[in-house]
Each structure stands twice: as C-alpha cells, then as structure tokens.
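Student: Handing you a structure now.
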Amino acid sequence: SDGARLSFTNFGLVIADLALKCGYQSVCEIDASGAVKVGNRVSALTTTKYQNRAQYGRFLPPATEEIFDLVGLAAHHTFLDIGSGIGLVAIQAAATRGCRARGLELMAGRMRIAEELRRGLRASVRRVDAAVDGADLQRRIELRRGDLTDPAHLEFLTAVDVVFVNNYECIFAARSGGGTKAANLDDHVAALFSKMPVGSRCVTLEPLYTLGKSRTQANENRTRRGLLPRDDASFFEYRQVSSRLDPSTITSWGSTGAPQLLYHIYTRVGLPHSQAGFLCPNDDCDTHKTRSLIPATYESRPEKGVGLL
C-alpha cells in the first residue's frame, strides 16, 4: 500500500477475508446465493415501470482495474457504479485508487450484502495491510438502495467524475423486461450523463444510442455540409476501446469464446457549467439566430415522479 490505498493483490485478499467473515466460502458463493440472484427472473420487480427484472453479473477485479486505468481514476475523483450489486466495484475504486466511491442498487438482497461487506472493511483491511486506514476507506464508500430513474437520486448520480454502468448484452434495455415506448434504463443513463459536469466520464459495456452524435461526429457532418466545425456542436466525445483481457476473466457469468469486450467511453465537453445540448447542423436554423442550443434532454415527470430526466 501507499498508506491510503491497497495494492491490487491486497485488495483481493481483503475481499476474500470479507466473504469469509460474512459466512461465505468465497465471493463466487455470494454470487450464487438466492439473495443475489432473485432479481434475475422475469417479474421479479413490481415497484418500477421501467424494468421487471434486474439481471445480476459481477464485473471482475482485473477488468475493473482496466477501466480505472483507461479513465485515469485518481484519489481526487468521485466514482459511481450504477447497478452496483454487492458493491465490489465501488469498494475497489475506493480501495485501490483512494477516491470517494458510490453505488446505487435496486435489489434489497444485494444491497444488504454490499453493506455487510462495507461494514467489515475496517477489520479486514487491518488483518491484511495495517498500513492502510480501513476506517477512512470505509467512510469514503457510500452505497444507496434506489431506482436510477427516481429524481430523488439525481444529485447522488450526477455529482460525480466517473461513472461505470455494466449494461452488457442489453440488461439495461430489452433484457430488463420493462421500459416504455419513450424510454428504457439505457436512456435514463444517457439522460443522467447529460446532467453530469463537464469533464466527467461514463463507461458502459453497450453503446448509449440515445445520446446521438458526439462532437467529432457532429462536426464531421457539418464539414460535409460546408459548415465550419464548432466546439458546441455536441456536449460529449466518444471513444471505443477493446479490452486487452481474456473474455473469460472479465465477468462472473463467464465469456469463454466470446469476442473481445468493448468499453464505450463518453466524456462531457464544453465550457464549465454549460448545459448539455446540440447545435443544429443547419446554420439558418432559428437556434443560431438566438445563439441557443437544442437541449439534450427534456423533463418528464409522470406518476410517482419517475421519468426520463
């Protein structure tokens, strides 16, 4: 450790110790427990209109560390995992990068286990690496149970620097089983990203198609139309990166024989505190005359205050 953070190896030892102290032989045994898997079945949820199941699959520590490296996660950042499961990605961010970390999870059983693991950090860290302040590590992790579409969590979900969303194979879209004609969970994630501060980054395992064109793509379109590129053509940039890891070592559900995993990295761009929006590709548009942008999102608050932000 460096006095504030665990090495990657010691993090693994801490997690193994935590699992034992919580009554499990391993983290894999936690993954297979009924409390964790209950959300996988169709109609497991009745409290949200946007999904009727919450598919579980844990992103493994080597791949998590790969993401941290790609975005340069550092101690001064605030990290968020949406759909945080048993909390290990958020715990890893705080433990190996020294940052503040948050997690939002819908399922009560998963959140109960996540909180039990978080509460045990102080003792487990002391046993593995006494040079690290386990109590401080524990304090830097905030786990919350809730629905990502609930406006009550807006600040918790957007006042962050880096967000990770494991939306692999449409588990935040078609495989969530819910959604409306207007929006699914991926759409809500896109809307939340638009509310994040300039400079923040969002990493997903499937594209957020609702976001539209990146600034580079929008300016390529402008150039084809004979228009000059503009810094305000869009509110984000996008890049796609292939994982260097063997697919079988990336996820708890196993991906042997699968193609290389792709990370989709979105970065908020623009002037500090600027609102997310798009510049119309037609310079004769009224928005140019008023020097205004087309808003990236709209407010919709249907029954119970839940809607696309």
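Each chain in the structure tokens gets a letter, A, B, ..., in the order shown, and its residues are numbered from 1; ligands are numbered from 1 in order too.
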Within 6 Å of stretch 31-36 of chain A, counting only C-alpha atoms, which residues show up once you throw out same-chain ones fewer than 3 positions away? Write them as a list of chain:residue names, please.
Tutor: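 Result of the neighbour search: A:Cys28, A:Gly109, A:Arg110.
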Student: I need the residues from that last selection saved to file as an mmCIF file, in the first residue's frame (with all heavy atoms), if you can.
Tutor:
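Below is the file that was written, part_4.cif:
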data_model
loop_
_atom_site.group_PDB
_atom_site.id
_atom_site.type_symbol
_atom_site.label_atom_id
_atom_site.label_comp_id
_atom_site.auth_asym_id
_atom_site.auth_seq_id
_atom_site.Cartn_x
_atom_site.Cartn_y
_atom_site.Cartn_z
ATOM 1 N N CYS A 28 -17.599 -15.988 -5.065
ATOM 2 C CA CYS A 28 -18.403 -16.748 -6.029
ATOM 3 C C CYS A 28 -19.618 -17.374 -5.358
ATOM 4 O O CYS A 28 -20.690 -17.477 -5.979
ATOM 5 C CB CYS A 28 -17.550 -17.828 -6.694
ATOM 6 S SG CYS A 28 -16.280 -17.168 -7.801
ATOM 7 N N GLY A 109 -31.736 -7.470 -1.444
ATOM 8 C CA GLY A 109 -30.822 -8.521 -1.004
ATOM 9 C C GLY A 109 -29.383 -8.214 -1.356
ATOM 10 O O GLY A 109 -28.463 -8.436 -0.552
ATOM 11 N N ARG A 110 -29.161 -7.701 -2.547
ATOM 12 C CA ARG A 110 -27.803 -7.337 -2.962
ATOM 13 C C ARG A 110 -27.272 -6.179 -2.120
ATOM 14 O O ARG A 110 -26.106 -6.172 -1.716
ATOM 15 C CB ARG A 110 -27.793 -6.963 -4.446
ATOM 16 C CG ARG A 110 -28.175 -8.113 -5.361
ATOM 17 C CD ARG A 110 -28.376 -7.660 -6.806
ATOM 18 N NE ARG A 110 -29.047 -8.697 -7.583
ATOM 19 C CZ ARG A 110 -29.513 -8.555 -8.810
ATOM 20 N NH1 ARG A 110 -29.395 -7.380 -9.415
ATOM 21 N NH2 ARG A 110 -30.120 -9.541 -9.441
#
Student: So that I can check the surroundings of stretch 125-132 of chain A, please list as a PyMOL selection string every protein, DNA and RNA residue that reaches within 9 Å of it, counting only C-alpha atoms and ignoring chain neighbours fewer than 2 positions away.
Tutor: chain A and resi 1-6+10-11+13-14+17+120-123+134-137
Student: Rounded to one decimal place, report the atom CA of A:Gly98-atom CA of A:Phe193 distance in Å.
Tutor: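 Pair atom CA of A:Gly98 / atom CA of A:Phe193 returns 23.3 Å.
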Student: Determine which residues of stretch 238-285 of chain A receive a DSSP assignment of strand (DSSP E or B), computed from the backbone, and state them as a PyMOL selection string.
Tutor: chain A and resi 238-242+251+262-268+277-278
Student: Next, write the just-selected residues to a file, as an mmCIF file, in the first residue's frame, keeping N, CA and C atoms as the atom set.
Tutor:
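That gives us out-v5.cif:
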data_model
loop_
_atom_site.group_PDB
_atom_site.id
_atom_site.type_symbol
_atom_site.label_atom_id
_atom_site.label_comp_id
_atom_site.auth_asym_id
_atom_site.auth_seq_id
_atom_site.Cartn_x
_atom_site.Cartn_y
_atom_site.Cartn_z
ATOM 1 N N TYR A 238 -16.732 10.682 -27.719
ATOM 2 C CA TYR A 238 -16.905 9.239 -27.566
ATOM 3 C C TYR A 238 -15.694 8.500 -28.119
ATOM 4 N N ARG A 239 -15.280 7.473 -27.407
ATOM 5 C CA ARG A 239 -14.274 6.561 -27.946
ATOM 6 C C ARG A 239 -14.600 5.137 -27.526
ATOM 7 N N GLN A 240 -14.189 4.216 -28.345
ATOM 8 C CA GLN A 240 -14.430 2.792 -28.116
ATOM 9 C C GLN A 240 -13.075 2.119 -27.950
ATOM 10 N N VAL A 241 -12.938 1.344 -26.863
ATOM 11 C CA VAL A 241 -11.664 0.701 -26.567
ATOM 12 C C VAL A 241 -11.894 -0.786 -26.348
ATOM 13 N N SER A 242 -11.054 -1.614 -26.949
ATOM 14 C CA SER A 242 -11.138 -3.063 -26.747
ATOM 15 C C SER A 242 -10.375 -3.459 -25.492
ATOM 16 N N THR A 251 -15.886 -11.296 -16.507
ATOM 17 C CA THR A 251 -17.184 -11.279 -15.826
ATOM 18 C C THR A 251 -17.446 -12.567 -15.057
ATOM 19 N N LEU A 262 -15.810 -4.685 -25.451
ATOM 20 C CA LEU A 262 -15.603 -3.289 -25.839
ATOM 21 C C LEU A 262 -16.070 -2.369 -24.724
ATOM 22 N N TYR A 263 -15.257 -1.386 -24.416
ATOM 23 C CA TYR A 263 -15.652 -0.334 -23.487
ATOM 24 C C TYR A 263 -16.072 0.891 -24.298
ATOM 25 N N HIS A 264 -17.204 1.463 -23.934
ATOM 26 C CA HIS A 264 -17.696 2.673 -24.587
ATOM 27 C C HIS A 264 -17.500 3.821 -23.593
ATOM 28 N N ILE A 265 -16.652 4.766 -23.950
ATOM 29 C CA ILE A 265 -16.257 5.827 -23.019
ATOM 30 C C ILE A 265 -16.774 7.169 -23.532
ATOM 31 N N TYR A 266 -17.627 7.788 -22.743
ATOM 32 C CA TYR A 266 -18.226 9.072 -23.086
ATOM 33 C C TYR A 266 -17.654 10.150 -22.157
ATOM 34 N N THR A 267 -17.266 11.281 -22.734
ATOM 35 C CA THR A 267 -16.701 12.383 -21.954
ATOM 36 C C THR A 267 -17.515 13.650 -22.194
ATOM 37 N N ARG A 268 -17.989 14.272 -21.100
ATOM 38 C CA ARG A 268 -18.718 15.544 -21.216
ATOM 39 C C ARG A 268 -17.754 16.645 -21.611
ATOM 40 N N GLY A 277 -26.279 20.182 -24.746
ATOM 41 C CA GLY A 277 -27.136 20.485 -25.883
ATOM 42 C C GLY A 277 -26.416 20.226 -27.192
ATOM 43 N N PHE A 278 -27.162 20.337 -28.271
ATOM 44 C CA PHE A 278 -26.633 20.133 -29.617
ATOM 45 C C PHE A 278 -26.814 21.403 -30.432
#
Student: Which polymer residues have any atom within 9 Å of an atom of A:Ile294, counting only C-alpha atoms, with same-chain residues fewer than 2 positions away left out, as a list in words?
Tutor: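 Contacts, in chain order: Ala276, Gly277, Phe278, Leu279, Cys280, Thr287, Ser292, Ala296 and Thr297 of chain A.
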Student: Rounded to one decimal, what separation in Å do you get between atom CA of A:Arg112 and atom CA of A:Arg139?
Tutor: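 Separation of atom CA of A:Arg112 and atom CA of A:Arg139: 17.1 Å.
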